[in-house]
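Asker: Here you go, work-v1.cif (mmCIF, N, CA and C atoms):
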```cif
data_upload
#
loop_
_atom_site.group_PDB
_atom_site.id
_atom_site.type_symbol
_atom_site.label_atom_id
_atom_site.label_comp_id
_atom_site.auth_asym_id
_atom_site.auth_seq_id
_atom_site.Cartn_x
_atom_site.Cartn_y
_atom_site.Cartn_z
ATOM 1 N N MET A 248 76.979 73.727 53.857
ATOM 2 C CA MET A 248 77.918 74.718 53.393
ATOM 3 C C MET A 248 79.166 74.650 54.280
ATOM 4 N N ASN A 249 80.327 74.871 53.711
ATOM 5 C CA ASN A 249 81.571 74.804 54.461
ATOM 6 C C ASN A 249 82.099 76.191 54.784
ATOM 7 N N ILE A 250 82.786 76.286 55.914
ATOM 8 C CA ILE A 250 83.342 77.547 56.390
ATOM 9 C C ILE A 250 84.750 77.730 55.843
ATOM 10 N N GLU A 251 85.013 78.926 55.340
ATOM 11 C CA GLU A 251 86.348 79.299 54.878
ATOM 12 C C GLU A 251 87.149 79.929 56.025
ATOM 13 N N ARG A 252 86.477 80.819 56.805
ATOM 14 C CA ARG A 252 87.170 81.572 57.858
ATOM 15 C C ARG A 252 86.165 82.051 58.888
ATOM 16 N N VAL A 253 86.595 82.095 60.145
ATOM 17 C CA VAL A 253 85.780 82.637 61.238
ATOM 18 C C VAL A 253 86.590 83.751 61.876
ATOM 19 N N GLU A 254 85.947 84.919 62.041
ATOM 20 C CA GLU A 254 86.667 86.081 62.539
ATOM 21 C C GLU A 254 85.910 86.727 63.697
ATOM 22 N N ALA A 255 86.607 86.980 64.804
ATOM 23 C CA ALA A 255 86.016 87.680 65.942
ATOM 24 C C ALA A 255 86.195 89.174 65.730
ATOM 25 N N ARG A 256 85.095 89.882 65.576
ATOM 26 C CA ARG A 256 85.144 91.344 65.429
ATOM 27 C C ARG A 256 84.662 91.968 66.727
ATOM 28 N N GLU A 257 84.508 93.279 66.751
ATOM 29 C CA GLU A 257 84.218 93.969 68.015
ATOM 30 C C GLU A 257 82.981 93.422 68.719
ATOM 31 N N ARG A 258 81.864 93.321 68.029
ATOM 32 C CA ARG A 258 80.633 92.850 68.674
ATOM 33 C C ARG A 258 79.946 91.716 67.935
ATOM 34 N N VAL A 259 80.623 91.167 66.949
ATOM 35 C CA VAL A 259 80.050 90.075 66.155
ATOM 36 C C VAL A 259 81.116 89.039 65.838
ATOM 37 N N ILE A 260 80.642 87.846 65.470
ATOM 38 C CA ILE A 260 81.485 86.820 64.877
ATOM 39 C C ILE A 260 81.124 86.819 63.391
ATOM 40 N N ALA A 261 82.128 86.983 62.540
ATOM 41 C CA ALA A 261 81.916 86.970 61.094
ATOM 42 C C ALA A 261 82.330 85.600 60.570
ATOM 43 N N VAL A 262 81.437 84.955 59.846
ATOM 44 C CA VAL A 262 81.716 83.651 59.256
ATOM 45 C C VAL A 262 81.739 83.824 57.746
ATOM 46 N N GLN A 263 82.900 83.553 57.148
ATOM 47 C CA GLN A 263 83.021 83.614 55.703
ATOM 48 C C GLN A 263 82.887 82.196 55.164
ATOM 49 N N TRP A 264 81.921 82.015 54.283
ATOM 50 C CA TRP A 264 81.629 80.707 53.700
ATOM 51 C C TRP A 264 82.451 80.520 52.427
ATOM 52 N N ILE A 265 82.611 79.280 52.004
ATOM 53 C CA ILE A 265 83.449 79.014 50.833
ATOM 54 C C ILE A 265 82.895 79.613 49.538
ATOM 55 N N ASP A 266 81.605 79.947 49.527
ATOM 56 C CA ASP A 266 81.038 80.576 48.325
ATOM 57 C C ASP A 266 81.283 82.081 48.290
ATOM 58 N N GLY A 267 82.006 82.607 49.313
ATOM 59 C CA GLY A 267 82.348 84.024 49.346
ATOM 60 C C GLY A 267 81.402 84.892 50.153
ATOM 61 N N THR A 268 80.248 84.372 50.544
ATOM 62 C CA THR A 268 79.325 85.165 51.360
ATOM 63 C C THR A 268 79.800 85.189 52.809
ATOM 64 N N THR A 269 79.368 86.211 53.531
ATOM 65 C CA THR A 269 79.730 86.360 54.941
ATOM 66 C C THR A 269 78.473 86.527 55.764
ATOM 67 N N SER A 270 78.398 85.811 56.882
ATOM 68 C CA SER A 270 77.293 85.931 57.831
ATOM 69 C C SER A 270 77.839 86.546 59.108
ATOM 70 N N PHE A 271 77.037 87.391 59.750
ATOM 71 C CA PHE A 271 77.448 88.050 60.987
ATOM 72 C C PHE A 271 76.526 87.623 62.114
ATOM 73 N N TYR A 272 77.111 87.175 63.225
ATOM 74 C CA TYR A 272 76.354 86.715 64.377
ATOM 75 C C TYR A 272 76.721 87.566 65.580
ATOM 76 N N PRO A 273 75.803 88.425 66.056
ATOM 77 C CA PRO A 273 76.105 89.274 67.213
ATOM 78 C C PRO A 273 76.450 88.432 68.447
ATOM 79 N N ASN A 274 77.432 88.896 69.216
ATOM 80 C CA ASN A 274 77.863 88.177 70.413
ATOM 81 C C ASN A 274 76.724 87.945 71.388
ATOM 82 N N LEU A 275 75.861 88.937 71.553
ATOM 83 C CA LEU A 275 74.738 88.798 72.481
ATOM 84 C C LEU A 275 73.780 87.700 72.001
ATOM 85 N N PHE A 276 73.528 87.625 70.711
ATOM 86 C CA PHE A 276 72.690 86.563 70.147
ATOM 87 C C PHE A 276 73.309 85.193 70.419
ATOM 88 N N LEU A 277 74.623 85.069 70.198
ATOM 89 C CA LEU A 277 75.295 83.788 70.423
ATOM 90 C C LEU A 277 75.244 83.395 71.890
ATOM 91 N N ARG A 278 75.420 84.360 72.783
ATOM 92 C CA ARG A 278 75.347 84.051 74.222
ATOM 93 C C ARG A 278 73.938 83.637 74.603
ATOM 94 N N ASP A 279 72.950 84.302 74.054
ATOM 95 C CA ASP A 279 71.554 83.993 74.358
ATOM 96 C C ASP A 279 71.167 82.599 73.872
ATOM 97 N N ASN A 280 71.814 82.119 72.824
ATOM 98 C CA ASN A 280 71.462 80.825 72.239
ATOM 99 C C ASN A 280 72.469 79.723 72.542
ATOM 100 N N ASP A 281 73.380 79.959 73.465
ATOM 101 C CA ASP A 281 74.354 78.940 73.870
ATOM 102 C C ASP A 281 73.615 77.806 74.573
ATOM 103 N N GLN A 282 73.761 76.599 74.063
ATOM 104 C CA GLN A 282 73.046 75.441 74.612
ATOM 105 C C GLN A 282 73.392 75.158 76.071
ATOM 106 N N LYS A 283 74.574 75.590 76.520
ATOM 107 C CA LYS A 283 74.953 75.376 77.918
ATOM 108 C C LYS A 283 74.115 76.228 78.867
ATOM 109 N N GLY A 284 73.419 77.228 78.341
ATOM 110 C CA GLY A 284 72.602 78.098 79.162
ATOM 111 C C GLY A 284 71.183 77.593 79.381
ATOM 112 N N PHE A 285 70.873 76.385 78.892
ATOM 113 C CA PHE A 285 69.531 75.828 79.003
ATOM 114 C C PHE A 285 69.550 74.523 79.789
ATOM 115 N N HIS A 286 68.492 74.274 80.541
ATOM 116 C CA HIS A 286 68.369 73.030 81.289
ATOM 117 C C HIS A 286 68.281 71.873 80.295
ATOM 118 N N PRO A 287 69.062 70.812 80.483
ATOM 119 C CA PRO A 287 69.105 69.731 79.492
ATOM 120 C C PRO A 287 67.793 68.969 79.313
ATOM 121 N N GLN A 288 66.946 68.927 80.319
ATOM 122 C CA GLN A 288 65.704 68.174 80.192
ATOM 123 C C GLN A 288 64.502 69.046 79.862
ATOM 124 N N THR A 289 64.432 70.224 80.478
ATOM 125 C CA THR A 289 63.256 71.066 80.273
ATOM 126 C C THR A 289 63.444 72.107 79.175
ATOM 127 N N GLY A 290 64.704 72.400 78.823
ATOM 128 C CA GLY A 290 64.968 73.421 77.824
ATOM 129 C C GLY A 290 64.812 74.834 78.357
ATOM 130 N N GLU A 291 64.564 74.959 79.662
ATOM 131 C CA GLU A 291 64.366 76.275 80.278
ATOM 132 C C GLU A 291 65.702 77.001 80.402
ATOM 133 N N ARG A 292 65.685 78.309 80.103
ATOM 134 C CA ARG A 292 66.895 79.121 80.236
ATOM 135 C C ARG A 292 67.305 79.171 81.704
ATOM 136 N N GLN A 293 68.609 78.987 81.974
ATOM 137 C CA GLN A 293 69.097 78.938 83.343
ATOM 138 C C GLN A 293 69.904 80.167 83.748
ATOM 139 N N PHE A 294 69.911 81.185 82.949
ATOM 140 C CA PHE A 294 70.615 82.406 83.323
ATOM 141 C C PHE A 294 69.777 83.607 82.904
ATOM 142 N N ASP A 295 70.104 84.749 83.468
ATOM 143 C CA ASP A 295 69.370 85.982 83.198
ATOM 144 C C ASP A 295 70.073 86.747 82.080
ATOM 145 N N LEU A 296 69.483 86.807 80.901
ATOM 146 C CA LEU A 296 70.087 87.493 79.776
ATOM 147 C C LEU A 296 70.333 88.968 80.080
ATOM 148 N N LEU A 297 69.498 89.545 80.933
ATOM 149 C CA LEU A 297 69.677 90.958 81.280
ATOM 150 C C LEU A 297 70.951 91.204 82.078
ATOM 151 N N SER A 298 71.556 90.135 82.605
ATOM 152 C CA SER A 298 72.805 90.292 83.344
ATOM 153 C C SER A 298 74.025 90.348 82.416
ATOM 154 N N VAL A 299 73.828 90.075 81.136
ATOM 155 C CA VAL A 299 74.924 90.094 80.166
ATOM 156 C C VAL A 299 75.110 91.525 79.669
ATOM 157 N N PRO A 300 76.342 92.053 79.708
ATOM 158 C CA PRO A 300 76.553 93.422 79.233
ATOM 159 C C PRO A 300 76.278 93.550 77.738
ATOM 160 N N LEU A 301 75.714 94.676 77.319
ATOM 161 C CA LEU A 301 75.383 94.893 75.918
ATOM 162 C C LEU A 301 76.629 94.981 75.045
ATOM 163 N N ASP A 302 77.756 95.365 75.637
ATOM 164 C CA ASP A 302 78.995 95.496 74.862
ATOM 165 C C ASP A 302 79.842 94.227 74.948
ATOM 166 N N LEU A 303 79.182 93.084 75.036
ATOM 167 C CA LEU A 303 79.846 91.787 75.104
ATOM 168 C C LEU A 303 80.797 91.636 73.921
ATOM 169 N N THR A 304 82.049 91.287 74.196
ATOM 170 C CA THR A 304 83.031 91.128 73.130
ATOM 171 C C THR A 304 83.449 89.669 73.001
ATOM 172 N N SER A 305 84.022 89.339 71.863
ATOM 173 C CA SER A 305 84.488 87.985 71.598
ATOM 174 C C SER A 305 85.935 87.850 72.038
ATOM 175 N N ARG A 306 86.283 86.650 72.443
ATOM 176 C CA ARG A 306 87.676 86.325 72.717
ATOM 177 C C ARG A 306 88.172 85.430 71.598
ATOM 178 N N SER A 307 89.466 85.431 71.411
ATOM 179 C CA SER A 307 89.999 84.507 70.415
ATOM 180 C C SER A 307 89.845 83.092 70.945
ATOM 181 N N GLY A 308 89.850 82.156 70.082
ATOM 182 C CA GLY A 308 89.667 80.776 70.490
ATOM 183 C C GLY A 308 89.193 79.945 69.332
ATOM 184 N N HIS A 309 88.259 79.058 69.610
ATOM 185 C CA HIS A 309 87.747 78.164 68.581
ATOM 186 C C HIS A 309 86.230 78.215 68.540
ATOM 187 N N ALA A 310 85.697 78.050 67.359
ATOM 188 C CA ALA A 310 84.255 77.926 67.170
ATOM 189 C C ALA A 310 83.991 76.530 66.633
ATOM 190 N N ARG A 311 82.938 75.906 67.126
ATOM 191 C CA ARG A 311 82.600 74.570 66.620
ATOM 192 C C ARG A 311 81.377 74.689 65.727
ATOM 193 N N TRP A 312 81.464 74.076 64.573
ATOM 194 C CA TRP A 312 80.369 74.080 63.615
ATOM 195 C C TRP A 312 80.285 72.686 63.022
ATOM 196 N N ARG A 313 79.174 72.016 63.287
ATOM 197 C CA ARG A 313 78.952 70.668 62.766
ATOM 198 C C ARG A 313 80.144 69.747 63.027
ATOM 199 N N ARG A 314 80.561 69.726 64.290
ATOM 200 C CA ARG A 314 81.627 68.855 64.784
ATOM 201 C C ARG A 314 83.015 69.201 64.275
ATOM 202 N N ARG A 315 83.180 70.310 63.606
ATOM 203 C CA ARG A 315 84.511 70.738 63.168
ATOM 204 C C ARG A 315 84.888 71.990 63.934
ATOM 205 N N SER A 316 86.151 72.095 64.292
ATOM 206 C CA SER A 316 86.641 73.241 65.042
ATOM 207 C C SER A 316 87.280 74.238 64.081
ATOM 208 N N HIS A 317 87.001 75.527 64.293
ATOM 209 C CA HIS A 317 87.553 76.590 63.473
ATOM 210 C C HIS A 317 88.199 77.617 64.392
ATOM 211 N N ARG A 318 89.424 77.988 64.107
ATOM 212 C CA ARG A 318 90.117 78.974 64.921
ATOM 213 C C ARG A 318 89.540 80.357 64.620
ATOM 214 N N LEU A 319 89.258 81.120 65.689
ATOM 215 C CA LEU A 319 88.752 82.466 65.519
ATOM 216 C C LEU A 319 89.920 83.416 65.280
ATOM 217 N N ALA A 320 89.858 84.153 64.200
ATOM 218 C CA ALA A 320 90.863 85.167 63.906
ATOM 219 C C ALA A 320 90.372 86.486 64.486
ATOM 220 N N ARG A 321 91.278 87.274 65.040
ATOM 221 C CA ARG A 321 90.918 88.595 65.558
ATOM 222 C C ARG A 321 91.109 89.618 64.465
ATOM 223 N N ARG A 322 90.190 90.552 64.379
ATOM 224 C CA ARG A 322 90.321 91.629 63.393
ATOM 225 C C ARG A 322 90.620 92.907 64.084
#
```
Would you encode the structure as structure tokens?
Answerer:
Amino acid sequence: MNIERVEARERVIAVQWIDGTTSFYPNLFLRDNDQKGFHPQTGERQFDLLSVPLDLTSRSGHARWRRRSHRLARR
């Protein structure tokens, strides 16, 4: 499926797909599943998720999805 638009909202990233549906990904979920937070060989988490604030917000920038970059729009 292809992305139409990516939007950074208060506590989620909203992804609008070309078929018109929208998926919401909470910032805390995205931080918890960031591949940079895991050991490359063992897959063990290398940071303490409890140290991440619950009100984690998104910054503008780019999101990568299947090797394509998408600019994050702020709402």
Asker: Could you please determine the separation between atom CA of Ser270 of chain A and atom CA of Gly284 of chain A in Å, to one decimal place?
Answerer: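 Taking atom CA of Ser270 of chain A as the start and atom CA of Gly284 of chain A as the end point, the length is 23.2 Å.
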Asker: Find, counting only C-alpha atoms, the residue in A:Leu275, A:Ile250, A:Ser298, A:His286 that gets nearest to Gln263 of chain A.
Answerer: A:Ile250
Asker: Run the PyMOL selection byres (((chain A and resi 277 and name CA) around 12) and name CA) on the file and write out the hits as a ChimeraX atom specification.
Answerer: /A:258-261,271-276,278-284,296,299,303-305,310
Asker: Hey, can I get the axis-aligned box for segment 265-275 of chain A? All listed atoms, 5 Å padding on each side, centre and edge lengths in Å to one decimal, as lines of an AutoDock Vina configuration file.
Answerer:
```
center_x = 78.6
center_y = 84.1
center_z = 60.4
size_x = 19.7
size_y = 20.3
size_z = 34.2
```
Asker: How many Å separate atom C of Gln293 of chain A from atom C of Glu257 of chain A?
Answerer: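 These two atoms are separated by 23.9 Å.
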